[in-house]
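Raw run.txt, compact mmCIF, C-alpha atoms:
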```
# COMPACT_ATOMS: atom_id res chain seq x y z
CA MET A 11 -7.17 19.73 -18.04
CA ALA A 12 -7.13 17.75 -14.82
CA GLN A 13 -5.33 18.60 -11.62
CA ILE A 14 -2.38 16.21 -11.36
CA LEU A 15 -2.27 14.67 -7.88
CA LEU A 16 1.47 14.24 -7.49
CA GLY A 17 2.65 11.79 -4.88
CA LYS A 18 5.76 13.81 -4.01
CA GLU A 19 3.69 16.58 -2.38
CA VAL A 20 1.90 14.03 -0.19
CA THR A 21 5.17 12.27 0.60
CA ALA A 22 6.91 15.50 1.61
CA SER A 23 4.17 16.32 4.12
CA LEU A 24 4.04 12.75 5.41
CA ASN A 25 7.81 12.58 5.83
CA GLU A 26 7.81 15.67 8.02
CA GLU A 27 5.24 14.03 10.29
CA ILE A 28 7.36 10.87 10.43
CA LYS A 29 10.48 12.83 11.35
CA GLU A 30 8.70 14.42 14.30
CA LYS A 31 7.65 10.98 15.56
CA VAL A 32 11.17 9.59 15.09
CA ASN A 33 12.58 12.47 17.13
CA LYS A 34 10.09 11.71 19.90
CA LEU A 35 11.22 8.09 19.90
CA LYS A 36 14.89 9.06 19.99
CA GLU A 37 14.25 11.21 23.05
CA HIS A 38 13.38 7.91 24.73
CA HIS A 39 16.41 6.16 23.17
CA VAL A 40 14.24 4.12 20.79
CA THR A 41 15.15 3.61 17.13
CA PRO A 42 12.25 2.35 15.01
CA LYS A 43 13.26 -0.67 12.94
CA LEU A 44 11.82 -2.52 9.95
CA GLY A 45 12.43 -6.20 9.35
CA ILE A 46 12.40 -7.18 5.65
CA ILE A 47 11.77 -10.81 4.69
CA ARG A 48 12.31 -11.64 1.02
CA ILE A 49 12.21 -15.14 -0.45
CA GLY A 50 13.85 -15.42 -3.85
CA GLU A 51 15.01 -12.76 -6.29
CA ARG A 52 11.90 -11.32 -7.95
CA GLN A 53 12.95 -8.07 -9.59
CA ASP A 54 9.82 -6.16 -8.54
CA ASP A 55 10.42 -7.22 -4.92
CA ILE A 56 14.03 -6.09 -5.10
CA ALA A 57 13.01 -2.73 -6.59
CA TYR A 58 10.44 -2.12 -3.82
CA GLU A 59 12.96 -3.24 -1.20
CA ARG A 60 15.49 -0.76 -2.57
CA ASN A 61 12.97 2.07 -2.33
CA ALA A 62 11.90 1.04 1.18
CA VAL A 63 15.50 0.94 2.39
CA LYS A 64 16.19 4.34 0.86
CA ARG A 65 13.14 5.81 2.59
CA CYS A 66 14.16 4.25 5.91
CA GLU A 67 17.61 5.78 5.61
CA THR A 68 16.18 9.19 4.75
CA LEU A 69 13.91 9.13 7.80
CA SER A 70 16.42 7.64 10.30
CA VAL A 71 14.56 4.34 10.57
CA ALA A 72 16.71 1.22 10.96
CA TYR A 73 16.16 -1.95 8.96
CA GLU A 74 17.36 -5.54 8.86
CA LYS A 75 17.05 -7.90 5.90
CA PHE A 76 16.23 -11.59 6.14
CA LEU A 77 16.91 -12.97 2.65
CA LEU A 78 15.97 -16.57 1.90
CA PRO A 79 16.45 -18.64 -1.25
CA GLU A 80 13.58 -19.35 -3.63
CA ASP A 81 13.51 -22.99 -2.50
CA ALA A 82 13.43 -22.24 1.24
CA THR A 83 11.32 -24.75 3.14
CA GLU A 84 8.17 -23.82 5.01
CA ASP A 85 9.88 -24.56 8.34
CA ILE A 86 12.76 -22.20 7.54
CA VAL A 87 10.39 -19.39 6.52
CA ILE A 88 8.24 -19.81 9.64
CA ASP A 89 11.34 -19.94 11.85
CA THR A 90 12.48 -16.65 10.30
CA ILE A 91 9.11 -15.01 11.01
CA GLN A 92 9.16 -16.30 14.58
CA LYS A 93 12.62 -14.77 14.93
CA VAL A 94 11.39 -11.31 13.93
CA ASN A 95 8.27 -11.74 16.07
CA GLN A 96 10.51 -12.23 19.10
CA ALA A 97 13.06 -9.53 18.22
CA GLU A 98 12.53 -6.68 20.70
CA ASP A 99 14.25 -4.14 18.44
CA ILE A 100 12.12 -4.88 15.33
CA HIS A 101 8.84 -2.96 15.35
CA GLY A 102 7.40 -3.79 11.93
CA VAL A 103 7.88 -6.48 9.30
CA LEU A 104 7.55 -6.44 5.52
CA ILE A 105 7.11 -9.84 3.85
CA PHE A 106 7.19 -9.84 0.07
CA ARG A 107 4.37 -11.57 -1.76
CA PRO A 108 3.44 -13.68 -3.59
CA LEU A 109 5.44 -16.40 -1.90
CA PRO A 110 6.91 -19.22 -4.02
CA HIS A 111 4.24 -21.74 -5.04
CA HIS A 112 5.54 -24.57 -2.85
CA LEU A 113 4.79 -22.58 0.32
CA ASP A 114 1.44 -22.33 2.16
CA GLU A 115 1.08 -18.56 1.92
CA GLU A 116 -1.87 -18.15 4.28
CA LYS A 117 -0.27 -20.28 6.99
CA ILE A 118 3.05 -18.47 6.71
CA LEU A 119 1.70 -14.91 6.61
CA ASN A 120 -0.53 -15.52 9.61
CA THR A 121 2.50 -16.56 11.62
CA LEU A 122 3.44 -12.86 11.76
CA ALA A 123 2.47 -11.07 14.97
CA VAL A 124 -0.36 -8.65 14.20
CA GLU A 125 1.32 -5.78 16.07
CA LYS A 126 4.26 -6.06 13.64
CA ASP A 127 2.10 -6.46 10.54
CA VAL A 128 2.75 -3.06 8.99
CA ASP A 129 1.44 -4.00 5.52
CA GLY A 130 -1.92 -5.56 6.41
CA ILE A 131 -1.12 -9.14 5.35
CA THR A 132 -2.55 -11.12 8.27
CA ASN A 133 -6.16 -12.19 8.73
CA LEU A 134 -6.32 -10.25 11.98
CA SER A 135 -5.24 -7.03 10.30
CA MET A 136 -7.79 -7.52 7.55
CA ALA A 137 -10.49 -8.29 10.11
CA GLY A 138 -9.63 -5.02 11.83
CA ILE A 139 -10.18 -3.11 8.59
CA PHE A 140 -13.56 -4.73 7.92
CA ALA A 141 -14.72 -4.35 11.53
CA GLY A 142 -13.35 -0.83 11.94
CA LYS A 143 -11.11 -1.95 14.80
CA GLU A 144 -7.53 -0.92 15.50
CA MET A 145 -5.81 -4.25 14.89
CA GLY A 146 -2.61 -4.21 12.88
CA TYR A 147 -2.37 -1.84 9.92
CA ALA A 148 -4.11 -1.47 6.58
CA PRO A 149 -2.16 -2.46 3.46
CA CYS A 150 0.20 0.38 2.58
CA THR A 151 -1.08 0.92 -0.96
CA ALA A 152 -4.70 1.15 0.18
CA SER A 153 -3.64 3.61 2.89
CA ALA A 154 -1.73 5.65 0.30
CA CYS A 155 -4.92 6.11 -1.75
CA ILE A 156 -6.74 7.54 1.25
CA ARG A 157 -3.78 9.73 2.23
CA ILE A 158 -3.70 11.29 -1.24
CA LEU A 159 -7.40 12.13 -1.07
CA ASP A 160 -6.94 13.65 2.39
CA HIS A 161 -3.87 15.67 1.41
CA TYR A 162 -5.60 17.28 -1.57
CA GLY A 163 -8.73 18.04 0.43
CA ILE A 164 -10.97 15.66 -1.49
CA THR A 165 -13.87 14.84 0.79
CA CYS A 166 -15.46 11.40 0.65
CA THR A 167 -18.59 12.08 2.69
CA GLY A 168 -21.69 11.57 0.57
CA LYS A 169 -19.65 10.82 -2.55
CA LYS A 170 -20.08 7.76 -4.74
CA ALA A 171 -16.81 5.85 -4.93
CA VAL A 172 -16.14 3.01 -7.34
CA VAL A 173 -13.22 0.67 -6.72
CA VAL A 174 -12.18 -1.32 -9.78
CA GLY A 175 -10.39 -4.35 -8.33
CA ARG A 176 -11.15 -6.79 -5.54
CA SER A 177 -7.79 -7.91 -4.19
CA LEU A 178 -6.99 -8.03 -0.49
CA VAL A 179 -3.99 -5.81 -1.20
CA VAL A 180 -5.94 -2.81 -2.52
CA GLY A 181 -9.50 -3.30 -3.72
CA LYS A 182 -11.31 -4.72 -0.70
CA PRO A 183 -9.43 -2.81 2.03
CA VAL A 184 -9.61 0.56 0.26
CA ALA A 185 -13.36 0.01 -0.22
CA MET A 186 -13.76 -0.45 3.54
CA MET A 187 -11.60 2.61 4.23
CA LEU A 188 -13.72 4.72 1.87
CA LEU A 189 -16.86 3.43 3.55
CA LYS A 190 -15.43 4.49 6.91
CA LYS A 191 -15.00 7.98 5.43
CA ASN A 192 -18.74 8.03 4.61
CA ALA A 193 -18.52 7.35 0.88
CA THR A 194 -21.07 5.12 -0.83
CA VAL A 195 -18.89 2.38 -2.27
CA THR A 196 -19.25 -0.02 -5.19
CA ILE A 197 -16.62 -2.68 -5.91
CA CYS A 198 -16.23 -3.59 -9.57
CA HIS A 199 -13.82 -5.88 -11.39
CA THR A 200 -12.97 -7.22 -14.83
CA LYS A 201 -16.12 -9.38 -14.88
CA THR A 202 -18.53 -6.58 -13.93
CA GLN A 203 -21.33 -6.07 -16.44
CA ASN A 204 -21.89 -2.52 -17.68
CA LEU A 205 -18.57 -1.46 -16.17
CA GLU A 206 -18.54 1.77 -18.16
CA LYS A 207 -21.87 2.82 -16.64
CA GLU A 208 -20.73 1.91 -13.11
CA VAL A 209 -17.47 3.85 -13.33
CA GLN A 210 -19.08 6.86 -15.02
CA ALA A 211 -21.46 7.16 -12.07
CA ALA A 212 -18.58 7.56 -9.61
CA ASP A 213 -17.32 10.77 -8.07
CA ILE A 214 -14.13 8.98 -6.95
CA VAL A 215 -12.56 6.17 -8.95
CA ILE A 216 -9.89 3.87 -7.51
CA ALA A 217 -8.36 1.90 -10.39
CA ALA A 218 -6.74 -1.27 -9.07
CA ALA A 219 -7.54 -3.95 -11.64
CA GLY A 220 -3.91 -4.75 -12.46
CA SER A 221 -4.38 -4.30 -16.19
CA ALA A 222 -2.62 -1.65 -18.26
CA GLY A 223 -4.95 1.03 -19.63
CA PHE A 224 -8.04 -0.87 -18.51
CA ILE A 225 -9.96 2.33 -17.69
CA LYS A 226 -10.43 4.37 -20.86
CA LYS A 227 -12.18 7.59 -21.83
CA GLU A 228 -15.52 5.85 -22.28
CA HIS A 229 -15.49 4.94 -18.56
CA LEU A 230 -15.02 8.54 -17.45
CA ARG A 231 -16.81 11.87 -17.22
CA PRO A 232 -15.99 15.43 -16.09
CA GLY A 233 -15.82 16.09 -12.35
CA GLN A 234 -14.29 12.78 -11.31
CA VAL A 235 -11.24 12.19 -9.11
CA VAL A 236 -9.19 9.20 -10.28
CA ILE A 237 -6.60 7.40 -8.17
CA ASP A 238 -4.60 5.05 -10.38
CA VAL A 239 -3.00 2.25 -8.36
CA GLY A 240 -1.82 0.20 -11.34
CA ILE A 241 1.86 -0.49 -11.97
CA ASN A 242 2.20 -2.07 -15.40
CA VAL A 243 4.65 -2.06 -18.28
CA ASP A 244 3.39 -1.12 -21.73
CA GLU A 245 4.54 -2.49 -25.09
CA GLU A 246 7.36 0.06 -25.21
CA GLY A 247 8.63 -1.01 -21.79
CA ASN A 248 7.38 2.10 -20.01
CA LEU A 249 5.63 2.14 -16.65
CA CYS A 250 1.91 2.83 -16.94
CA GLY A 251 -1.20 2.60 -14.82
CA ASP A 252 -4.59 0.93 -15.05
CA VAL A 253 -5.98 4.18 -16.49
CA ALA A 254 -5.22 5.34 -20.02
CA PHE A 255 -3.79 8.62 -18.71
CA ASP A 256 -3.68 10.50 -22.02
CA GLU A 257 -7.38 9.75 -22.55
CA ALA A 258 -8.43 10.48 -18.97
CA GLU A 259 -6.48 13.64 -18.19
CA PRO A 260 -8.44 15.95 -20.53
CA ILE A 261 -11.75 14.68 -19.10
CA VAL A 262 -11.57 14.23 -15.33
CA GLU A 263 -11.15 16.81 -12.58
CA ALA A 264 -8.09 15.27 -10.93
CA ILE A 265 -5.89 12.21 -11.44
CA THR A 266 -2.75 10.58 -10.08
CA PRO A 267 -0.04 9.86 -12.66
CA VAL A 268 1.93 6.61 -13.03
CA PRO A 269 4.72 6.84 -12.11
CA ARG A 270 4.94 9.79 -9.63
CA GLY A 271 1.62 9.02 -8.00
CA VAL A 272 0.62 6.37 -5.47
CA GLY A 273 3.90 4.42 -5.42
CA GLY A 274 6.08 6.89 -3.53
CA VAL A 275 3.34 7.54 -0.98
CA THR A 276 3.06 3.80 -0.36
CA THR A 277 6.71 3.60 0.70
CA SER A 278 6.34 6.45 3.18
CA ILE A 279 3.18 4.85 4.58
CA LEU A 280 5.20 1.68 5.22
CA VAL A 281 7.77 3.64 7.20
CA GLU A 282 5.04 5.55 9.04
CA HIS A 283 3.46 2.27 10.13
CA VAL A 284 6.82 1.06 11.50
CA VAL A 285 7.25 4.30 13.43
CA ASN A 286 3.68 4.14 14.75
CA ALA A 287 4.28 0.55 15.88
CA ALA A 288 7.40 1.70 17.74
CA LEU A 289 5.42 4.47 19.43
CA LEU A 290 2.68 2.08 20.50
CA LYS A 291 5.24 -0.30 21.98
CA MET A 292 7.00 2.53 23.81
CA GLU A 293 3.75 3.86 25.25
CA ALA A 294 2.38 0.45 26.26
```

Mind turning the file's structure into structure tokens?
Amino acid sequence: MAQILLGKEVTASLNEEIKEKVNKLKEHHVTPKLGIIRIGERQDDIAYERNAVKRCETLSVAYEKFLLPEDATEDIVIDTIQKVNQAEDIHGVLIFRPLPHHLDEEKILNTLAVEKDVDGITNLSMAGIFAGKEMGYAPCTASACIRILDHYGITCTGKKAVVVGRSLVVGKPVAMMLLKKNATVTICHTKTQNLEKEVQAADIVIAAAGSAGFIKKEHLRPGQVVIDVGINVDEEGNLCGDVAFDEAEPIVEAITPVPRGVGGVTTSILVEHVVNAALLKMEA
């Protein structure tokens, strides 16, 4: 049976680190603050917002919501982002994606100041990840994958890592972060030929294809560490990951569950990025 890599253990440790940083800021009369920009009423956005707000409250981080209607014009959205860019008391900004189809997403997201981009959505932040430079922050979910590996003492140096998924939210950035940790990285996706062979060869598997139960027992072998990033709903209406957990758990060495895995860590990473941004501003 596999070791279950529970997110709550990682989150508990991370939250203690965040509290220490918040106390340091408060000694200098600074309260870290998150700006939340949501356009429309997507239920998954609202659920993540609720969790982010709860985590902010738990860790004494302030927040301010900027809620716009689904049909908000591009000018209104950009004006809102410029407002948070200029707000001295807002240290980090979360913008929910995807944006409504009538908006130019790339133009709008890149309006955000890179120093306030705490979820790695701007081109400058992404360039920093690929170049290994400290510009902006990595996407929170990609960072959560790495934090889980670190917390459980899973070394990446010399290991073969396979990332299944090529999005800019998880797949590509986490591949670069694994490479920085001296793993040998292969990016696969739903169109990869011989996917089973590629995934079986991995020591570390990051499943981020966005498809329920996409990784099955025939993709896996003993000794592997599997980080399941997927958040899907099965036919019974239950949350499930990209990995068929019941098939994988008896085979692999360690695996994150869904739920209770990556998701909770992601929210704490978001808050940590806001606090780090506040520290950088204070120390500038």

(request) Report the distance between CA of Glu282 in chain A and CA of Ile156 in chain A in Å, rounded to one decimal place. (result) 14.3 Å

Mind running range 121-174 of chain A against range 210-217 of chain A at 9 Å and telling me each contacting residue's nearest atom pair with the distance in Å (one decimal), counting all atoms listed in the file, chain and number ascending, as JSON lines?
```
{"residue": "A:Cys155", "atom": "CA", "partner": "A:Ile216", "partner_atom": "CA", "distance": 7.9}
{"residue": "A:Cys166", "atom": "CA", "partner": "A:Ile214", "partner_atom": "CA", "distance": 8.1}
{"residue": "A:Lys169", "atom": "CA", "partner": "A:Asp213", "partner_atom": "CA", "distance": 6.0}
{"residue": "A:Lys170", "atom": "CA", "partner": "A:Ala212", "partner_atom": "CA", "distance": 5.1}
{"residue": "A:Ala171", "atom": "CA", "partner": "A:Ile214", "partner_atom": "CA", "distance": 4.6}
{"residue": "A:Val172", "atom": "CA", "partner": "A:Val215", "partner_atom": "CA", "distance": 5.0}
{"residue": "A:Val173", "atom": "CA", "partner": "A:Ile216", "partner_atom": "CA", "distance": 4.7}
{"residue": "A:Val174", "atom": "CA", "partner": "A:Ala217", "partner_atom": "CA", "distance": 5.0}
```

(message) Would you compute the distance between CA of Met145 in chain A and CA of Lys126 in chain A? Give it in Å to one decimal.
(response)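 About the pair CA of Met145 in chain A and CA of Lys126 in chain A: they are 10.3 Å apart.
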
(message) If I take CA of Glu67 in chain A and CA of Ile28 in chain A, how far is one from the other in Å, to one decimal?
(response)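 Spanning CA of Glu67 in chain A to CA of Ile28 in chain A is a straight-line distance of 12.4 Å.
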
(message) With distances taken over only C-alpha atoms, which residue among A:Ser221, A:Thr121, A:Thr266, A:Gln92 lies nearest Val20 in chain A?
(response)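 The shortest atom-to-atom distance to Val20 in chain A comes from A:Thr266.
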
(request) Identify which of the residues A:Asp55, A:Asp129, A:Asp160, A:Glu27 lies closest to Gly146 in chain A, counting only C-alpha atoms when measuring atom-to-atom distances. (result) A:Asp129

(request) Give the answer as one residue: which of A:Leu109, A:His38, A:Lys31, A:Ala218 has the shortest atom-to-atom distance to Ser177 in chain A, using only C-alpha atoms? (result)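 Result for the nearest residue to Ser177 in chain A: A:Ala218.
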
(request) Would you mind telling me which residue in A:Gly273, A:Gly251, A:Gly223, A:Gly45 lies nearest to Gln96 in chain A when using only C-alpha atoms? (result)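 Of all the options, A:Gly45 lies closest to Gln96 in chain A.
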
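Considering the residues A:Val87, A:Ala148, A:Val94, A:Val32 and counting all atoms listed in the file, Leu44 in chain A has its shortest atom-to-atom contact with A:Val94.
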
(request) Find the residue from A:Gly17, A:Pro110, A:Pro267, A:Pro42 that sits nearest to Phe255 in chain A; use all atoms listed in the file when measuring. (result) A:Pro267

(request) Excluding Asp244 in chain A and residues on its chain fewer than 5 positions from it, collect all residues at most 9 Å away from it, counting all atoms listed in the file, and give them as a PyMOL selection string. (result) chain A and resi 222-223+249-250

Skip Asn61 in chain A itself and residues of its chain fewer than 4 positions away, then list as a compact mmCIF listing (two decimals) with C-alpha atoms, keeping the file's coordinate frame all residues within 8 Å of it, counting only C-alpha atoms.
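As a result, out_9.txt now contains:
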```txt
# COMPACT_ATOMS: atom_id res chain seq x y z
CA ALA A 57 13.01 -2.73 -6.59
CA ARG A 65 13.14 5.81 2.59
CA THR A 277 6.71 3.60 0.70
```

(request) Please provide as a VMD selection string all residues within 10 Å of Val284 in chain A, with the sequence filter that same-chain residues fewer than 5 positions apart are discarded (counting only C-alpha atoms). (result) chain A and resid 28 42 to 45 66 71 to 72 100 to 104 125 to 129 147 278 to 279 289 to 290

(request) Write out as a PyMOL selection string the residues lying within 6 Å of Val235 in chain A, counting all atoms listed in the file and excluding same-chain residues fewer than 2 positions away. (result) chain A and resi 214+263-265
